[in-house]
Amino acid sequence: MSALRKLAGQTAIYGLSSIVARFLNFLLTPLYTSKGVFEPEEFGIITSLYAWAAFVTVVITFGMETTFFRFANRKELDPKRAYATAFFSVASLSLFFTLLCALFPDAIAGGIRYPEQGQLVLMLAIALGLDAMTALPMARLRNEGRPWRFVFVNMTNVGITIALSLYYFTYAKQHNPSIGVEHVFLINLIASAVKFLLLVPQWPRLGAFDKTLLRPMLVFAAPLAIAGLAGMVNETADRAVLKYLLPADIADEQIGIYGACYKLSILITLFIQAFRMGAEPFFFSHAKEKDSKQTFARIMNVFVAVCMSAFLLVMLFLDLFKWFIPNEAYHEGLRVVPILMLANVFLGIYYNQSVWYKLTDRTRAGSTISIVGAAITLVCLFALIPSMGYMGAAWATLICYASMAAISYAWGQKHYPVPYNMTRVLGYMAGAVVVWWGCEQIDVEGVMKYGVRGLALSLFFILIWKRERRRLWA
């Protein structure tokens with residue numbers, strides 16, 4: 001079996017439950033944004049608080065998943081000690097964070113401009129603490145090649161979330177209209193608690209904690225944590241900053257519209273998530289092969305081709321996809337979708353390129369690039385949002401991710417040159433955008449419209465498949 005086929009298998013298995021989990025958010029969007037469930041201003045509260053949750057998750061996991069992969073695969077080290085050291089480090093941070101939020105929920109809620117939502121902050125904090133303590137056990141399952149246990153745990157979490165969401169917002173709310181935003185956080189807390197309990201048997205022995213390993217692991221992890229935190233600025237700061245830069249009377253509504261339409265870029269982000277789950281351990285294990293760099297370059301071609309096919313699928317049929325958001329009050333935000341989808345393609349390219357600094361132990365380079373990206377994001381957000389609203393947030397995201405991909409490519413070629421075919425990569429991106437633009441110029445309606453667009457999508461896919469299939473299965 002070729003290396004690329006092996007990666008495809010890992011991506012399919014380990015990414016399956018992660019794809020479903022992310023896709024769940026997409027499928028819950030029609031429910032949450034339906035008339036009679038959450039209006040834009042209510043959905044804005046959910047969107048904003050989960051944006052803050054993303055920052056917290058990076059802090060309390062502290063880059064220990066990647067660190068564990070790196071140290072567990074060093075021949076001179078005991079994988080069990082590496083796992084225990086990483087696990088108890090994250091557990092300590094999680095407990096400290098949860099206790100802090102339990103003592104001062106109202107103060108924290110006020111600090112993020114939701115002074116009346118202390119209860120939501122507390123429920124979210126407990127859920128985040130539990131989720132952080134499952135991160136290392138799940139990483140261990142991946143590292144030990146136990147995909148079906150990994151899938152079972154994630155699918156159980158997903159199933160509970162789906163079942164409770166359907167119960168509360170399709171049945172119970174009909175009989176009790178007071179059911180509202182707080183039940184979204186309650187559902188999350190229950191699902192996180194069950195996942196936590198399922199992974200308790202995976203906990204390491206306390207005696208396996210290795211103090212001598214802690215320092216080098218923290219040194220390796222710190223730049224990754226900084227990079228991750230900066231990455232969250234790039235990924236979610238738009239939804240947090242909108243609360244501060246828009247007028248108070250419309251902020252939550254605008255965040256809700258933006259957050260709902262952001263979900264329509266999910267097809268690309270789903271693939272990126274699945275790819276990362278399989279690719280990270282693959283890159284580390286395959287790096288010593290003599291043809292590894294050529295393999296990494298071929299992976300980039302296929303990755304971008306798939307992403308741009310997803311871009312075309314959504315954009316050519318956006319007037320159908322938009323009904324995943326049933327309430328027309330949200331539809332004014334659909335103009336952000338192409339911008340955000342292209343932004344996520346650039347993010348995926350950056351993730352592909354990150355192999356160079358991880359394999360050469362230059363993790364500080366990753367943090368530097370992410371910090372530069374965060375600076376670009378914040379400058380663009382503060383410059384564009386006051387005049388453009390959430391459209392400014394979308395453009396800031398695209399500018400940031402494109403800049404990070406360009407910086408990483410230029411820097412990486414100096415230290416770990418991978419023969420990426422950038423002409424082909426950029427050609428796929430430009431070609432997809434041109435196909436979409438061209439279809440927008442054709443003035444036809446009804447069946448003919450969908451026929452033309454379906455043909456355009458098919459031709460694009462056939463072209464890239466013919467160009468990549470020999471390399472894919474080599």
# chains A, B, ... in the order shown; residues from 1 in each chain; ligands from 1
$ residues_around --residues "range 235-246 of chain A" --least-positions-apart "3" --cutoff "6 Å" --atoms "only C-alpha atoms" --output "MDAnalysis selection string"
chainID A and resid 48 51 232 251 393
$ residues_around --residues "Glu41 in chain A" --least-positions-apart "3" --cutoff "7 Å" --atoms "only C-alpha atoms" --output "number ranges by chain"
A: 44-45, 252-253, 256
$ select_by_dssp --residues "range 34-152 of chain A" --states "helix (DSSP H, G or I)" --output "JSON list (two decimals) with C-alpha atoms, in the first residue's frame"
[["chain", "number", "residue", "atom", "x", "y", "z"],
["A", 40, "PRO", "CA", -30.16, 36.18, 15.28],
["A", 41, "GLU", "CA", -29.52, 38.05, 18.55],
["A", 42, "GLU", "CA", -29.93, 34.84, 20.58],
["A", 43, "PHE", "CA", -27.77, 32.84, 18.19],
["A", 44, "GLY", "CA", -25.25, 35.65, 18.53],
["A", 45, "ILE", "CA", -24.86, 34.91, 22.26],
["A", 46, "ILE", "CA", -24.14, 31.25, 21.51],
["A", 47, "THR", "CA", -21.68, 32.18, 18.75],
["A", 48, "SER", "CA", -19.82, 34.71, 20.87],
["A", 49, "LEU", "CA", -19.44, 32.51, 23.96],
["A", 50, "TYR", "CA", -18.17, 29.57, 21.92],
["A", 51, "ALA", "CA", -15.66, 31.90, 20.28],
["A", 52, "TRP", "CA", -14.25, 32.60, 23.73],
["A", 53, "ALA", "CA", -14.35, 28.87, 24.48],
["A", 54, "ALA", "CA", -11.94, 28.25, 21.60],
["A", 55, "PHE", "CA", -9.34, 30.50, 23.24],
["A", 56, "VAL", "CA", -9.71, 28.72, 26.57],
["A", 57, "THR", "CA", -9.32, 25.27, 25.01],
["A", 58, "VAL", "CA", -5.96, 26.20, 23.49],
["A", 59, "VAL", "CA", -4.68, 27.56, 26.80],
["A", 60, "ILE", "CA", -5.60, 24.58, 28.96],
["A", 61, "THR", "CA", -4.50, 21.90, 26.46],
["A", 64, "MET", "CA", 0.28, 18.79, 24.59],
["A", 65, "GLU", "CA", -1.38, 16.64, 21.92],
["A", 66, "THR", "CA", 1.30, 17.36, 19.33],
["A", 67, "THR", "CA", 3.95, 17.26, 22.04],
["A", 68, "PHE", "CA", 2.80, 13.80, 23.05],
["A", 69, "PHE", "CA", 3.02, 12.56, 19.45],
["A", 70, "ARG", "CA", 6.55, 13.90, 19.17],
["A", 71, "PHE", "CA", 7.88, 12.49, 22.46],
["A", 72, "ALA", "CA", 6.03, 9.17, 22.25],
["A", 79, "PRO", "CA", 5.71, 6.39, 25.51],
["A", 80, "LYS", "CA", 3.81, 5.65, 28.74],
["A", 81, "ARG", "CA", 5.81, 8.24, 30.67],
["A", 82, "ALA", "CA", 5.40, 10.78, 27.90],
["A", 83, "TYR", "CA", 1.65, 10.19, 27.97],
["A", 84, "ALA", "CA", 1.35, 10.45, 31.75],
["A", 85, "THR", "CA", 3.40, 13.63, 31.88],
["A", 86, "ALA", "CA", 1.32, 15.28, 29.17],
["A", 87, "PHE", "CA", -1.97, 14.10, 30.66],
["A", 88, "PHE", "CA", -1.41, 15.30, 34.21],
["A", 89, "SER", "CA", -0.08, 18.64, 32.97],
["A", 90, "VAL", "CA", -3.31, 19.27, 31.08],
["A", 91, "ALA", "CA", -5.43, 17.90, 33.95],
["A", 92, "SER", "CA", -3.85, 20.40, 36.36],
["A", 93, "LEU", "CA", -4.56, 23.34, 34.07],
["A", 94, "SER", "CA", -8.12, 22.13, 33.52],
["A", 95, "LEU", "CA", -8.88, 21.87, 37.22],
["A", 96, "PHE", "CA", -7.42, 25.29, 37.94],
["A", 97, "PHE", "CA", -9.46, 26.91, 35.16],
["A", 98, "THR", "CA", -12.70, 25.22, 36.21],
["A", 99, "LEU", "CA", -12.24, 26.23, 39.85],
["A", 100, "LEU", "CA", -11.53, 29.82, 38.84],
["A", 101, "CYS", "CA", -14.73, 30.02, 36.79],
["A", 102, "ALA", "CA", -16.74, 28.36, 39.55],
["A", 103, "LEU", "CA", -15.62, 31.04, 42.01],
["A", 105, "PRO", "CA", -18.65, 33.28, 36.99],
["A", 106, "ASP", "CA", -20.43, 36.65, 37.09],
["A", 107, "ALA", "CA", -17.20, 38.64, 36.99],
["A", 108, "ILE", "CA", -15.94, 36.65, 34.00],
["A", 109, "ALA", "CA", -19.30, 37.03, 32.23],
["A", 110, "GLY", "CA", -19.17, 40.78, 32.77],
["A", 111, "GLY", "CA", -15.63, 40.91, 31.40],
["A", 118, "GLY", "CA", -22.87, 33.95, 34.60],
["A", 119, "GLN", "CA", -24.75, 30.65, 34.59],
["A", 120, "LEU", "CA", -23.88, 30.05, 30.94],
["A", 121, "VAL", "CA", -20.23, 30.84, 31.61],
["A", 122, "LEU", "CA", -20.12, 28.34, 34.47],
["A", 123, "MET", "CA", -21.70, 25.52, 32.45],
["A", 124, "LEU", "CA", -19.39, 26.22, 29.54],
["A", 125, "ALA", "CA", -16.33, 26.32, 31.82],
["A", 126, "ILE", "CA", -17.08, 22.92, 33.34],
["A", 127, "ALA", "CA", -17.65, 21.43, 29.90],
["A", 128, "LEU", "CA", -14.36, 22.88, 28.63],
["A", 129, "GLY", "CA", -12.48, 21.49, 31.62],
["A", 130, "LEU", "CA", -13.89, 18.02, 30.99],
["A", 131, "ASP", "CA", -13.13, 18.23, 27.27],
["A", 132, "ALA", "CA", -9.53, 19.22, 27.94],
["A", 133, "MET", "CA", -9.05, 16.17, 30.14],
["A", 134, "THR", "CA", -10.18, 13.94, 27.28],
["A", 135, "ALA", "CA", -7.75, 15.42, 24.76],
["A", 136, "LEU", "CA", -4.73, 13.30, 25.72],
["A", 137, "PRO", "CA", -6.63, 10.00, 26.07],
["A", 138, "MET", "CA", -8.03, 10.57, 22.58],
["A", 139, "ALA", "CA", -4.56, 11.39, 21.25],
["A", 140, "ARG", "CA", -3.24, 8.19, 22.79],
["A", 141, "LEU", "CA", -5.88, 6.16, 20.96],
["A", 142, "ARG", "CA", -4.72, 7.71, 17.69],
["A", 143, "ASN", "CA", -1.05, 7.12, 18.44],
["A", 147, "PRO", "CA", -9.37, 3.95, 15.61],
["A", 148, "TRP", "CA", -12.58, 2.16, 16.45],
["A", 149, "ARG", "CA", -12.41, 2.99, 20.15],
["A", 150, "PHE", "CA", -11.67, 6.58, 19.11],
["A", 151, "VAL", "CA", -14.72, 6.58, 16.83],
["A", 152, "PHE", "CA", -16.97, 5.01, 19.49]]
$ atom_distance --atom1 "CA of Glu39 in chain A" --atom2 "CA of Asn176 in chain A"
17.0 Å
$ closest_residue --among "A:Phe311, A:Trp356, A:Tyr330, A:Tyr390" --to "Val433 in chain A" --atoms "only C-alpha atoms"
A:Phe311
$ closest_residue --among "A:Ala375, A:Gln254, A:Val20, A:Phe220" --to "Ser403 in chain A" --atoms "only C-alpha atoms"
A:Ala375
$ closest_residue --among "A:Pro326, A:Gly373, A:Gly259, A:Pro204" --to "Tyr401 in chain A" --atoms "only C-alpha atoms"
A:Gly373
$ atom_distance --atom1 "CA of Ala260 in chain A" --atom2 "CA of Leu27 in chain A"
11.3 Å
$ residues_around --residues "range 452-455 of chain A" --least-positions-apart "2" --cutoff "9 Å" --atoms "only C-alpha atoms" --output "list in words"
Leu313, Leu316, Phe317, Trp436, Cys439, Ile442, Val444, Val447, Met448, Lys449, Tyr450, Leu457, Ser458, Leu459 and Phe460 of chain A
$ write_last_selection --atoms "C-alpha atoms" --output "PDB file, in the first residue's frame"
ATOM      1  CA  LEU A 313     -20.042  22.681  -4.852  1.00  0.00           C
ATOM      2  CA  LEU A 316     -22.480  27.006  -7.487  1.00  0.00           C
ATOM      3  CA  PHE A 317     -25.469  25.806  -5.480  1.00  0.00           C
ATOM      4  CA  TRP A 436     -17.761  30.094 -10.237  1.00  0.00           C
ATOM      5  CA  CYS A 439     -21.380  30.560 -13.997  1.00  0.00           C
ATOM      6  CA  ILE A 442     -24.667  33.069 -17.339  1.00  0.00           C
ATOM      7  CA  VAL A 444     -30.314  31.185 -17.013  1.00  0.00           C
ATOM      8  CA  VAL A 447     -33.384  23.401 -14.463  1.00  0.00           C
ATOM      9  CA  MET A 448     -31.042  24.894 -17.068  1.00  0.00           C
ATOM     10  CA  LYS A 449     -29.212  26.861 -14.376  1.00  0.00           C
ATOM     11  CA  TYR A 450     -28.524  23.783 -12.273  1.00  0.00           C
ATOM     12  CA  LEU A 457     -18.529  21.210 -11.446  1.00  0.00           C
ATOM     13  CA  SER A 458     -18.232  17.797 -13.111  1.00  0.00           C
ATOM     14  CA  LEU A 459     -15.728  19.047 -15.694  1.00  0.00           C
ATOM     15  CA  PHE A 460     -13.591  20.665 -13.009  1.00  0.00           C
TER      16      PHE A 460
END
$ residues_around --residues "His183 in chain A" --least-positions-apart "4" --cutoff "8 Å" --atoms "only C-alpha atoms" --output "VMD selection string"
chain A and resid 168 179 187
